There are 2 protein chains.
Amino acid sequence: MDSAEQKGTQRRRTSSRASVTIRDVARHAGVSVATVSRALRGSDLVHPATRERVDAAIEELRFTPSQLGRSLAERRHAANGIVFPDLSGPYYAEVVLGYEEVAATLGRSVLILSTHNRESADDMVLELAGRVDGLAVFGRTVHDDVVAEILQRGVPVVLMARTEIEGADSVRTENVVAATSVVDHLLADGHRRMAFLGDPVESTDVAERWAGFRGALAQAGVDVPDRTVLAGFKEDDGARVAGALIADGLPDVVVCANDELALGLTVALAEEGIEVPGDVAVTGWDDVMAARYAGLTTVRQPMREMGGRAAQLLDARISGDRSEPRHDVLTTQLVVRRSCGPHSKEAHR
Amino acid sequence: MDSAEQKGTQRRRTSSRASVTIRDVARHAGVSVATVSRALRGSDLVHPATRERVDAAIEELRFTPSQLGRSLAERRHAANGIVFPDLSGPYYAEVVLGYEEVAATLGRSVLILSTHNRESADDMVLELAGRVDGLAVFGRTVHDDVVAEILQRGVPVVLMARTEIEGADSVRTENVVAATSVVDHLLADGHRRMAFLGDPVESTDVAERWAGFRGALAQAGVDVPDRTVLAGFKEDDGARVAGALIADGLPDVVVCANDELALGLTVALAEEGIEVPGDVAVTGWDDVMAARYAGLTTVRQPMREMGGRAAQLLDARISGDRSEPRHDVLTTQLVVRRSCGPHSKEAHR
DNA sequence: CGCTCCTTTGGTACCGGTTACATAAACCGG
DNA sequence: CCGGTTTATGTAACCGGTACCAAAGGAGCG
């Protein structure tokens, strides 16, 4: 008895300094914490009159339940994470937005993590995994064994634009069919000698696009380049290879792994007096906003939808509605603009 | 004694089902939880030999400390939030990226919330505030009294591109000087009749730009329009007003509150056969990626830096390094491109 | 050899909620 | 008027860490 009383005193003393807790509310309303908790959660095992007293106390003390305490007791975070290499591209921003939108609707907060090629990325992702109920992981941000580790801890993972991993869901966009339609369109416009700009090792998407590109050329009986022109993902990377392309003798068209490469390349070529599509055609991938204004032929991907789909897949796994992995593939669409106009090198000179 | 033993048994039984906790590690290593906790936190009050045993146990049991338990005990989330209206624009994406980058460096996770003009935005923001140590709030996403409420709960807030609120830090970009330099440049190019596209009520930024615009015109003794052409923030909004502008008689130049409006307007005008800058000049604001490719004259804002600055301001408040509010203003820069070329309406016709 | 002082470690009360279980009050037909 | 439910509430043991305080063991010193 004596010790219990002392305990109560201690508690009151500390809580006067700190924020108001459920015990303060209970004392104020003259009920137990259990009753307050029930009232908070809308349980129907609370007498209306009692509920009113509790509500009044909550109001009066300006009580806000602690998410932390709640999460700890419920053993759930009510939050999802998403990991991507860099938000700087318009591409990732769109995906994140789609993800956030759906997650918010499902009552889950969203934690973002951009790895920026930091060497500590793996640890950061593991740390993030400890804060969420589910995790969406983009492309080549983190090693396979880290993903496996996260899965083993019981946190569902959905991979985006990445090769499948045992036990994880995945969402990606269709690449081979798209690459084929790009090539077919270029062929129809009279282009023959085609180069591919991008590094297949950097991403599954690029690898698939490169494979589709080669396949379509082979199918048409046209010269297939035996390797890509290596480049990263940014405008600078595209600009950097312009010189080498010119030196090697320009092809009819450069198919780029994404829009930023294509746009950067186009600008760098223009600086050398080479016109697109007059002297060389260029195509991109993603259909970012700038592609519209630059008149870039490209492949449109449903990025927002991809993010949203990822959030839905995760939700199903988290709530236990589904246990076997699912792998969704979203369709893409060729968008023809002036950057790949009919082959007209002769006419132009 | 008896009850204590029973308690221990119960605990073991439950934890066998659930994930491995610090108590499992303690038992396995033959030490107390306090020692494990010290070892985890790198305290130097642990004997090297003991630390080794603990590390071995952690390794063996594949123990990962629960972020929730830790946060609850430490009374901190180690996470920051950021609220913005919509990520769809390139503008917000950049700011969020800058914010995340700095926050991550400071060891804080980032929770994002896009309000999408949802009517439940206020509640969502309040909920978010309960999950973070500090919150960055963008423009017109949430009511002043909600911000006040959050501040009162002891969560520091930094406002971005928004009118100051008592007790909150803020970061914004310079608008009046920028508007003046835009107008001065246009005047130098021979433009006189200027319209302003954007809704000053929608955002503090727009209001300041509009004010700066009027001030500069008045200063130069040129006709000052008495109201703006109202529009939102998207390309569609810009396109929508094209017809009205034409019907009212085109001005020499349309100064737009952001790039998306300017770009949307330009495209819509082109569809009506009106050329930029030949028939009418157009300027934007933000310098998004598409603006470069569209040749749009605009005002560059350091968006990434704004996000980073917000994270830094928050960090200082959270760690208690600073208690008086700070209000930072970042400088902007006029970027002249061909969309505002010299006034040449006559020459053109 | 006894006595401080310091290093290491253990016990346990928190952090702020949820919820199983026990209990008490109210209601019901017989 | 009584035993059996049903309804409403209280008690306390969790969730998984942190850190204060006390205690044990060992070293240094007179």
# chains A, B, ... in the order shown; residues from 1 in each chain; ligands from 1
$ interface_residues --of "chain D" --to "chain B" --cutoff "7 Å" --atoms "only C-alpha atoms (C1' of nucleotides)" --output "ChimeraX atom specification"
/D:16-18
$ select_by_dssp --residues "range 97-148 of chain B" --states "strand (DSSP E or B)" --output "list of chain:residue names"
B:Ser109, B:Val110, B:Leu111, B:Ile112, B:Leu113, B:Ser114, B:Gly134, B:Leu135, B:Ala136, B:Val137, B:Phe138
$ write_last_selection --atoms "N, CA and C atoms" --output "mmCIF file, in the first residue's frame"
data_model
loop_
_atom_site.group_PDB
_atom_site.id
_atom_site.type_symbol
_atom_site.label_atom_id
_atom_site.label_comp_id
_atom_site.auth_asym_id
_atom_site.auth_seq_id
_atom_site.Cartn_x
_atom_site.Cartn_y
_atom_site.Cartn_z
ATOM 1 N N SER B 109 14.924 10.277 -39.701
ATOM 2 C CA SER B 109 14.115 9.794 -40.812
ATOM 3 C C SER B 109 13.156 10.888 -41.237
ATOM 4 N N VAL B 110 12.566 10.713 -42.382
ATOM 5 C CA VAL B 110 11.653 11.738 -42.898
ATOM 6 C C VAL B 110 10.300 11.135 -43.248
ATOM 7 N N LEU B 111 9.271 11.705 -42.673
ATOM 8 C CA LEU B 111 7.903 11.318 -42.988
ATOM 9 C C LEU B 111 7.301 12.371 -43.895
ATOM 10 N N ILE B 112 6.700 11.934 -44.983
ATOM 11 C CA ILE B 112 6.106 12.903 -45.900
ATOM 12 C C ILE B 112 4.590 12.816 -45.841
ATOM 13 N N LEU B 113 3.978 13.946 -46.086
ATOM 14 C CA LEU B 113 2.524 13.980 -46.149
ATOM 15 C C LEU B 113 2.103 14.983 -47.206
ATOM 16 N N SER B 114 1.367 14.486 -48.167
ATOM 17 C CA SER B 114 0.852 15.356 -49.209
ATOM 18 C C SER B 114 -0.630 15.563 -48.941
ATOM 19 N N GLY B 134 9.911 17.172 -35.249
ATOM 20 C CA GLY B 134 9.836 18.491 -35.853
ATOM 21 C C GLY B 134 9.139 18.386 -37.192
ATOM 22 N N LEU B 135 8.544 19.504 -37.637
ATOM 23 C CA LEU B 135 7.707 19.441 -38.825
ATOM 24 C C LEU B 135 7.959 20.642 -39.730
ATOM 25 N N ALA B 136 8.136 20.355 -41.009
ATOM 26 C CA ALA B 136 8.228 21.428 -41.993
ATOM 27 C C ALA B 136 6.890 21.507 -42.712
ATOM 28 N N VAL B 137 6.345 22.684 -42.810
ATOM 29 C CA VAL B 137 5.027 22.840 -43.414
ATOM 30 C C VAL B 137 5.092 23.819 -44.572
ATOM 31 N N PHE B 138 4.585 23.355 -45.669
ATOM 32 C CA PHE B 138 4.644 24.111 -46.890
ATOM 33 C C PHE B 138 3.436 24.988 -47.098
#
$ interface_residues --of "chain A" --to "chain B" --cutoff "9 Å" --atoms "only C-alpha atoms" --output "ChimeraX atom specification"
/A:19,64-69,71-72,75,77,81,86-90,92-94,96-97,100-101,104,109-116,124,127-128,130-131,153,263,267,288-294
$ residues_around --residues "Ile246 in chain A" --least-positions-apart "5" --cutoff "9 Å" --atoms "only C-alpha atoms (C1' of nucleotides)" --output "ChimeraX atom specification"
/A:241,251,269
$ closest_residue --among "B:His47, B:Arg300, B:Arg338, B:Arg27" --to "chain C" --atoms "only C-alpha atoms (C1' of nucleotides)"
B:His47
$ closest_atom_pairs --of "chain C" --to "chain A" --cutoff "6 Å" --atoms "only C-alpha atoms (C1' of nucleotides)" --output "CSV"
residue,atom,partner,partner_atom,distance
C:DG16,C1',A:Gly69,CA,4.5
C:DG17,C1',A:Gly69,CA,4.2
C:DT18,C1',A:Ala73,CA,5.5
$ write_last_selection --atoms "C-alpha atoms (C1' of nucleotides)" --output "PDB file, in the first residue's frame"
ATOM      1  C1'  DG C  16       2.534   5.766 -22.713  1.00  0.00           C
ATOM      2  C1'  DG C  17      -0.367   3.142 -24.425  1.00  0.00           C
ATOM      3  C1'  DT C  18      -3.522  -1.817 -24.998  1.00  0.00           C
TER       4       DT C  18
END
$ select_by_dssp --residues "range 196-346 of chain B" --states "alpha helix (DSSP H)" --output "VMD selection string"
chain B and resid 204 to 219 235 to 240 242 to 247 259 to 271 289 to 294 303 to 318 345 to 346
